[in-house]
Structures are given as structure tokens and as C-alpha cells.
Amino acid sequence: MSDYVPPAIWTWNKDNGGRFASINRPVAGATHDTALPVGKHPLQLYSLATPNGVKVTVMLEELLALGHTGAEYDAWLIKINEGDQFGSGFVAVNPNSKIPALMDHSGTEPVRVFESGAILLYLAEKFGAFLPRDAKARTECLCWLFWQMGSAPYLGGGFGHFYAYAPSKIEYAIDRFAMEVKRQLDVLDRRLAEVPYLAGAEYSIADMAVWPWYGSLAKGLLYGGGEFLQVQDYKNVQRWTDTIGARPAAQRGRRVNRVFGEPESQLAERHDARDFDTKMTAGAG
Ligand SMILES: N[C@@H](CCC(=O)N[C@@H](CS)C(=O)NCC(=O)O)C(=O)O
């Protein structure tokens, strides 16, 4: 129990001891002038291999694997712990200062796209792929895509924050969000007992949105919370996670803009399909 009583007016305690205290702040907008780099491909991605970033690199790699050469992309690293997301160039692409952010230079006017769900939908519509054409399946796909966007903040900002990052362990907060995350895993598990993929028969952007979050969680890779949440019990989520994890494009996508984990899993920036062979950290030459 805490004896904290909120004051009448909230004030910003810059050094609150939280893991992200150095970058979190209560105002939006740029803190410094920095232009974003632009590479040779039509699509310029500014990102980092967190689950929200991985969604988009998996989609781009899947599109390329299908033969959509127009999906070639440069993936620039945005170091959110160092405040790159508050540079003026980044804020012009995403006024919300969060990765991932995409610029499409393929048309007469450049197009900016922010929010990972919007980026997935934009790419699916642009290339006519991974969004079912049949109206019923398309609607189901969008339902699960938006389910992810609404649910993951309880997993990351709720459970992950209080279980792994908060400066003190607050039983009430951990209980509340652990319960919600287990409920979400059960929602997914029941859906995946009925169908192979979230939208139904077809692998789609809904799976690409959910897999980096709930697939990682199911494998005990998020917040060290696997045992606590008994993730192995969600058998259908486990099967679906393994199926997607076996896809070469998903394996490539999760490496892009990755600067943590096993050295051989990291490709800090991707500017060419050959970078996976020539620029992986372990074999960097
Ligand atoms: N709803 C957003 C969430 C994006 C997001 O939370 N990105 C995090 C990394 S996973 C970020 O950039 N954080 C930096 C910050 O909050 O300053 C999306 O899906 O694109």
C-alpha cells in the first residue's frame, strides 16, 4: 500500500526513477533540429526492432518475398533511448514521436504514414496483399488488427511496465495487468482454436500485427514474464507463433533495426536485401 495522495495539480517530476524517465515528457513536438536521412528506395522506414517496429519490417519482407519489388525499402535506425524520435525530421513524419514511421516517395507527392496499424493497412492496400479480398474475411482481419492496437498497450504499458520497468513493484498494478494479459492470451487462444490465422484461412496483416507482441510473449521473450503468466498453456497461440516464426520473411523482418539480443540476430540498418548476408553484426565485414 502507498500513502501517496495526488496533489490538486500534477507537476512533472523529471527524475521519477522509471526506466524511460529520461525520454518521457508531458509535451509533444521536436526538441532539436535534425533532418532524417533518405536512401535510394521509394519506401523509407524510420524504426527500431521493438514489437511495433517488427510488424512493419515483417510486412515489407513478406511483400518482397511475394515478388513486390516496389516494396524495397531503407530501414533507418531510430534510437528512442537517445531521443531520436524528438528530432524535427522525425516529428514531421510522426507528430506522435514514436516508431515506426514511414515515408513513401514513390508518387508525385511524398506520403507520410505513422502508427504501425495504419502502416500495415497502407502497405496492404498499396500492394493488394495480406488483406483478404472477401468482405467478411477482410472485416475479420481489420477487427483483429484493431484488437491488437487497443490491447497491446495493456501488455506493454500496463503489464510490462509494472512487472519489469517500474522503480517499485506495485502488487495492485501487476495483478490488474497480469489478469488482463492472461485474458487477452485466452481470447487469442480461443480464436486460434477455430482457424489457422486470425482473419481465418489466410495469413494477413492481423497476424503480422499480433505476432511480434503475443508471439514473443508466448515464447517468454517479453519482460521475463513467461513463467509468471504460464504462457505455455496457450497451446493454439503456441502453434500459431511457431508457424509464423518458421516463415523466412518473418525471420528476416525481426532482425531489421535490431540492436539488442544475440549479435547474430541484429541488422541495425537495412538498405539492400543482401544486407542480411553481408551486414549481420556477427559476420559484419
Ligand atoms: N501505437 C503506436 C505505438 C508506437 C510506440 O509505442 N513506439 C514506441 C516503441 S515500441 C516508441 O517509439 N517509444 C518512444 C517514446 O515513447 O518516446 C504504433 O503502433 O505505432
# chains A, B, ... in the order shown; residues from 1 in each chain; ligands from 1
$ residues_near_ligand --ligand "ligand 1" --cutoff "6 Å" --atoms "only C-alpha atoms and all ligand atoms" --output "ChimeraX atom specification"
/A:23-24,50,52,80,98-100,115-117
$ residues_around --residues "stretch 197-207 of chain A" --least-positions-apart "4" --cutoff "10 Å" --atoms "only C-alpha atoms" --output "ChimeraX atom specification"
/A:55-56,58-59,117,120-121,123-124,129-132,136-148,188,191-193,211-212,214-215,240-241,243-244
$ write_last_selection --atoms "N, CA, C and O atoms" --output "compact mmCIF listing (two decimals), in the first residue's frame"
# COMPACT_ATOMS: atom_id res chain seq x y z
N LYS A 55 6.50 -5.37 -36.70
CA LYS A 55 5.29 -5.58 -37.52
C LYS A 55 5.54 -5.13 -38.96
O LYS A 55 5.17 -5.80 -39.92
N VAL A 56 6.14 -3.96 -39.09
CA VAL A 56 6.29 -3.35 -40.42
C VAL A 56 7.42 -4.01 -41.22
O VAL A 56 7.28 -4.24 -42.43
N VAL A 58 8.40 -7.07 -40.94
CA VAL A 58 7.88 -8.39 -41.38
C VAL A 58 7.01 -8.18 -42.63
O VAL A 58 7.16 -8.89 -43.63
N MET A 59 6.13 -7.20 -42.61
CA MET A 59 5.26 -6.94 -43.77
C MET A 59 6.10 -6.62 -45.01
O MET A 59 5.84 -7.15 -46.10
N GLY A 117 -0.37 0.16 -37.21
CA GLY A 117 -1.56 -0.43 -37.83
C GLY A 117 -1.88 0.28 -39.14
O GLY A 117 -2.24 -0.35 -40.14
N LEU A 120 0.61 -0.84 -41.79
CA LEU A 120 0.29 -2.17 -42.33
C LEU A 120 -0.86 -2.07 -43.33
O LEU A 120 -0.81 -2.66 -44.42
N LEU A 121 -1.87 -1.33 -42.97
CA LEU A 121 -3.04 -1.19 -43.86
C LEU A 121 -2.65 -0.45 -45.15
O LEU A 121 -3.06 -0.84 -46.25
N LEU A 123 0.27 -0.35 -46.62
CA LEU A 123 1.07 -1.23 -47.48
C LEU A 123 0.19 -2.34 -48.08
O LEU A 123 0.34 -2.70 -49.25
N ALA A 124 -0.72 -2.87 -47.28
CA ALA A 124 -1.60 -3.94 -47.79
C ALA A 124 -2.44 -3.42 -48.95
O ALA A 124 -2.63 -4.11 -49.96
N ALA A 129 -2.07 -6.97 -51.00
CA ALA A 129 -1.60 -8.24 -50.42
C ALA A 129 -1.82 -8.26 -48.91
O ALA A 129 -1.79 -7.22 -48.25
N PHE A 130 -2.04 -9.46 -48.39
CA PHE A 130 -2.15 -9.71 -46.95
C PHE A 130 -3.35 -9.02 -46.28
O PHE A 130 -3.37 -8.82 -45.08
N LEU A 131 -4.32 -8.64 -47.11
CA LEU A 131 -5.60 -8.13 -46.62
C LEU A 131 -6.64 -8.88 -47.45
O LEU A 131 -6.72 -8.65 -48.66
N PRO A 132 -7.39 -9.81 -46.82
CA PRO A 132 -8.29 -10.64 -47.63
C PRO A 132 -9.22 -9.79 -48.50
O PRO A 132 -9.65 -8.71 -48.09
N LYS A 136 -16.09 -10.47 -45.81
CA LYS A 136 -16.21 -10.99 -44.44
C LYS A 136 -14.82 -11.21 -43.82
O LYS A 136 -14.56 -10.81 -42.68
N ALA A 137 -13.93 -11.82 -44.60
CA ALA A 137 -12.58 -12.08 -44.08
C ALA A 137 -11.81 -10.78 -43.89
O ALA A 137 -11.04 -10.62 -42.93
N ARG A 138 -12.05 -9.81 -44.79
CA ARG A 138 -11.38 -8.51 -44.66
C ARG A 138 -11.81 -7.83 -43.34
O ARG A 138 -10.99 -7.30 -42.60
N THR A 139 -13.10 -7.89 -43.08
CA THR A 139 -13.60 -7.28 -41.84
C THR A 139 -13.00 -7.97 -40.63
O THR A 139 -12.58 -7.32 -39.66
N GLU A 140 -12.93 -9.30 -40.69
CA GLU A 140 -12.34 -10.05 -39.57
C GLU A 140 -10.87 -9.64 -39.39
O GLU A 140 -10.39 -9.44 -38.27
N CYS A 141 -10.18 -9.49 -40.51
CA CYS A 141 -8.76 -9.08 -40.45
C CYS A 141 -8.64 -7.71 -39.75
O CYS A 141 -7.80 -7.53 -38.86
N LEU A 142 -9.50 -6.78 -40.14
CA LEU A 142 -9.42 -5.45 -39.53
C LEU A 142 -9.82 -5.48 -38.06
O LEU A 142 -9.23 -4.76 -37.23
N CYS A 143 -10.77 -6.34 -37.72
CA CYS A 143 -11.14 -6.48 -36.30
C CYS A 143 -9.92 -6.89 -35.47
O CYS A 143 -9.66 -6.31 -34.41
N TRP A 144 -9.16 -7.86 -35.95
CA TRP A 144 -8.00 -8.33 -35.17
C TRP A 144 -6.86 -7.34 -35.22
O TRP A 144 -6.10 -7.19 -34.25
N LEU A 145 -6.73 -6.63 -36.33
CA LEU A 145 -5.70 -5.59 -36.41
C LEU A 145 -5.98 -4.51 -35.35
O LEU A 145 -5.10 -4.13 -34.58
N PHE A 146 -7.23 -4.07 -35.30
CA PHE A 146 -7.56 -3.03 -34.32
C PHE A 146 -7.61 -3.59 -32.90
O PHE A 146 -7.32 -2.86 -31.94
N TRP A 147 -7.92 -4.86 -32.77
CA TRP A 147 -7.83 -5.50 -31.45
C TRP A 147 -6.41 -5.37 -30.92
O TRP A 147 -6.17 -5.02 -29.76
N GLN A 148 -5.46 -5.64 -31.79
CA GLN A 148 -4.06 -5.54 -31.36
C GLN A 148 -3.72 -4.12 -30.92
O GLN A 148 -3.07 -3.92 -29.89
N LEU A 188 -7.07 -14.85 -27.79
CA LEU A 188 -6.33 -15.31 -28.98
C LEU A 188 -6.38 -16.83 -29.09
O LEU A 188 -6.57 -17.38 -30.18
N ARG A 191 -9.67 -18.03 -30.45
CA ARG A 191 -9.81 -17.73 -31.88
C ARG A 191 -8.95 -18.71 -32.70
O ARG A 191 -9.39 -19.25 -33.71
N LEU A 192 -7.75 -18.94 -32.23
CA LEU A 192 -6.82 -19.79 -32.99
C LEU A 192 -7.13 -21.28 -32.83
O LEU A 192 -6.53 -22.11 -33.51
N ALA A 193 -8.08 -21.60 -31.96
CA ALA A 193 -8.58 -22.99 -31.91
C ALA A 193 -9.54 -23.23 -33.07
O ALA A 193 -9.75 -24.36 -33.50
N TRP A 211 1.60 -11.00 -33.90
CA TRP A 211 2.71 -11.94 -33.65
C TRP A 211 3.90 -11.31 -32.90
O TRP A 211 4.40 -11.92 -31.93
N PRO A 212 4.39 -10.12 -33.28
CA PRO A 212 5.57 -9.61 -32.56
C PRO A 212 5.29 -9.37 -31.07
O PRO A 212 6.19 -9.47 -30.24
N TYR A 214 2.31 -10.86 -29.08
CA TYR A 214 1.80 -12.00 -28.32
C TYR A 214 2.56 -13.29 -28.64
O TYR A 214 2.61 -14.20 -27.81
N GLY A 215 3.19 -13.35 -29.83
CA GLY A 215 4.06 -14.49 -30.13
C GLY A 215 5.31 -14.41 -29.27
O GLY A 215 5.76 -15.42 -28.69
N TRP A 240 0.43 -21.28 -33.52
CA TRP A 240 0.39 -20.15 -34.46
C TRP A 240 1.72 -19.37 -34.43
O TRP A 240 2.26 -18.99 -35.46
N THR A 241 2.26 -19.18 -33.22
CA THR A 241 3.54 -18.47 -33.10
C THR A 241 4.63 -19.22 -33.85
O THR A 241 5.44 -18.62 -34.58
N THR A 243 4.27 -21.35 -36.32
CA THR A 243 4.01 -21.35 -37.77
C THR A 243 4.53 -20.06 -38.40
O THR A 243 5.21 -20.07 -39.43
N ILE A 244 4.23 -18.95 -37.77
CA ILE A 244 4.70 -17.67 -38.33
C ILE A 244 6.21 -17.55 -38.17
O ILE A 244 6.92 -17.10 -39.09
$ residues_around --residues "stretch 253-255 of chain A" --least-positions-apart "6" --cutoff "7 Å" --atoms "only C-alpha atoms" --output "NGL selection string"
:A and (49 or 54 or 57-58 or 61 or 265-267)
$ closest_residue --among "A:Ala65, A:Val210, A:Ile174, A:Val5" --to "A:Ser151" --atoms "only C-alpha atoms"
A:Val210
$ residues_around --residues "A:Phe86" --least-positions-apart "6" --cutoff "8 Å" --atoms "only C-alpha atoms" --output "NGL selection string"
:A and (29-32 or 97)
$ write_last_selection --atoms "N, CA and C atoms" --output "short mmCIF file (atom, residue, chain, number, x, y, z; two decimals), in the first residue's frame"
data_model
loop_
_atom_site.label_atom_id
_atom_site.label_comp_id
_atom_site.auth_asym_id
_atom_site.auth_seq_id
_atom_site.Cartn_x
_atom_site.Cartn_y
_atom_site.Cartn_z
N GLY A 29 6.06 17.48 -29.75
CA GLY A 29 6.85 18.39 -30.59
C GLY A 29 8.34 18.06 -30.56
N ALA A 30 9.08 18.74 -31.46
CA ALA A 30 10.51 18.48 -31.59
C ALA A 30 11.31 19.17 -30.49
N THR A 31 12.40 18.52 -30.09
CA THR A 31 13.31 19.15 -29.11
C THR A 31 14.57 19.67 -29.79
N HIS A 32 14.81 19.21 -31.01
CA HIS A 32 16.02 19.65 -31.72
C HIS A 32 15.82 19.50 -33.22
N SER A 97 5.85 11.18 -32.26
CA SER A 97 7.21 10.86 -31.80
C SER A 97 7.39 9.41 -31.36
#
$ select_by_dssp --residues "stretch 129-171 of chain A" --states "helix (DSSP H, G or I)" --output "number ranges by chain"
A: 135-165, 171
$ atom_distance --atom1 "atom CA of A:Ala218" --atom2 "atom CA of A:Val231"
5.1 Å
$ closest_residue --among "A:Ala118, A:Gln238, A:Val256, A:Lys279" --to "A:Tyr73" --atoms "only C-alpha atoms"
A:Val256
$ closest_residue --among "A:Lys126, A:Pro42, A:Pro167, A:Arg112" --to "A:Asp15" --atoms "only C-alpha atoms"
A:Pro167
$ atom_distance --atom1 "atom CA of A:Pro95" --atom2 "atom CA of A:Glu62"
27.6 Å
